[in-house]
Amino acid sequence: MVFRRIFHPQVTIFFRNYCDKKQFQYFNRNGDTGSSRTLTSNLLPKDDRIFNAIGATEELLSYIGLAREHAQEVEHEYADKLKRIQTIVIDLSTAISRSHDISKKLIPKNYTKELEDWIHEYSKELPPPEQYIIPGGGVASASLHVARSICRRTERTVVPLVREGRLHDEALIYLNRLGDFLFVVSRMAAKLDKRTESIYIPKPDEKVQAQ
């Protein structure tokens with residue numbers, strides 16, 4: 001009698017349906033041999049340049065997410081822009097995975113135009129950049145500097161794919177402009193946090209590689 005009172009018929013149905021559902025698997029053994037498949041079902045070794053580029057975009061995506069969290073903690077308004085960028089980086093990763101497909105997905109030019117508009121917007125609020133800004137200026141700013149350096153590395157992994165015609169050149173253009181944006185917004189973050197930028201001053205006869 002007690003058993004019947006505890007397990008109402010509707011509760012019994014719930015548990016039966018729950019147990020009947022196939023449990024989601026967080027892993028499989030398909031990649032245990034060092035190979036994986038792209039979205040076009042091409043089986044490639046995991047150290048193929050395609051997966052190197054995909055991995056770079058995933059790292060970029062993750063670090064922009066970390067920079068966004070730092071921005072949200074101090075209520076910086078550009079946090080929403082970083083989330084928008086993350087969605088486009090996912091599109092870029094998808095395009096890379098489909099690079100064996102003749103009808104490969106394109107990265108629209110308006111994505112790059114959007115970045116350029118934001119760069120112009122923030123540049124009006126900042127002093128002209130010095131020759132070399134030492135990354136820092138607070139946690140929010142420093143995290144964006146790291147994201148920028150990861151973006152540049154991602155750009156380098158994409159160059160061969162564009163050169164070989166496996167990826168549309170707009171993907172490369174977007175990453176190049178994204179690196180510029182992350183540099184500008186890192187400076188904006190330092191300004192919003194009222195932090196002073198540290199400047200590297202080279203010797204008179206020295207030249208410093210541009211950031």
# chains A, B, ... in the order shown; residues from 1 in each chain; ligands from 1
call {"tool": "residues_around", "arguments": {"residues": "Ser123 of chain A", "least_positions_apart": "5", "cutoff": "10 Å", "atoms": "only C-alpha atoms", "output": "ChimeraX atom specification"}}
result
/A:117-118,128-129,181,184-185,187-188
call {"tool": "residues_around", "arguments": {"residues": "segment 164-177 of chain A", "least_positions_apart": "4", "cutoff": "8 Å", "atoms": "only C-alpha atoms", "output": "PyMOL selection string"}}
result
chain A and resi 92+95-96+99-100+104+106-109+111-112+115-116+151-152+154-155+158-160+181
call {"tool": "atom_distance", "arguments": {"atom1": "atom CA of Gly137 of chain A", "atom2": "atom CA of Thr196 of chain A"}}
result
6.2 Å
call {"tool": "atom_distance", "arguments": {"atom1": "atom CA of Glu121 of chain A", "atom2": "atom CA of Tyr78 of chain A"}}
result
11.4 Å
call {"tool": "select_by_dssp", "arguments": {"residues": "segment 51-110 of chain A", "states": "alpha helix (DSSP H)", "output": "PyMOL selection string"}}
result
chain A and resi 51-73+79-97+109-110
call {"tool": "closest_residue", "arguments": {"among": "A:Phe183, A:Gly65, A:Ala190, A:Ala53", "to": "Tyr132 of chain A", "atoms": "only C-alpha atoms"}}
result
A:Phe183
call {"tool": "closest_residue", "arguments": {"among": "A:Glu58, A:Glu114, A:Val89, A:Asp193", "to": "Glu73 of chain A", "atoms": "only C-alpha atoms"}}
result
A:Asp193
call {"tool": "closest_residue", "arguments": {"among": "A:Tyr26, A:Gly136, A:Ala189, A:Glu59", "to": "Glu75 of chain A", "atoms": "only C-alpha atoms"}}
result
A:Ala189
call {"tool": "residues_around", "arguments": {"residues": "Ile134 of chain A", "least_positions_apart": "5", "cutoff": "8 Å", "atoms": "only C-alpha atoms", "output": "PyMOL selection string"}}
result
chain A and resi 197-200
call {"tool": "residues_around", "arguments": {"residues": "Val74 of chain A", "least_positions_apart": "4", "cutoff": "12 Å", "atoms": "only C-alpha atoms", "output": "JSON, numbers by chain"}}
result
{"A": [67, 68, 69, 70, 78, 79, 138, 139, 140, 141, 189, 190, 192, 193, 194]}
call {"tool": "residues_around", "arguments": {"residues": "segment 147-149 of chain A", "least_positions_apart": "6", "cutoff": "6 Å", "atoms": "only C-alpha atoms", "output": "ChimeraX atom specification"}}
result
/A:63-64,179,182
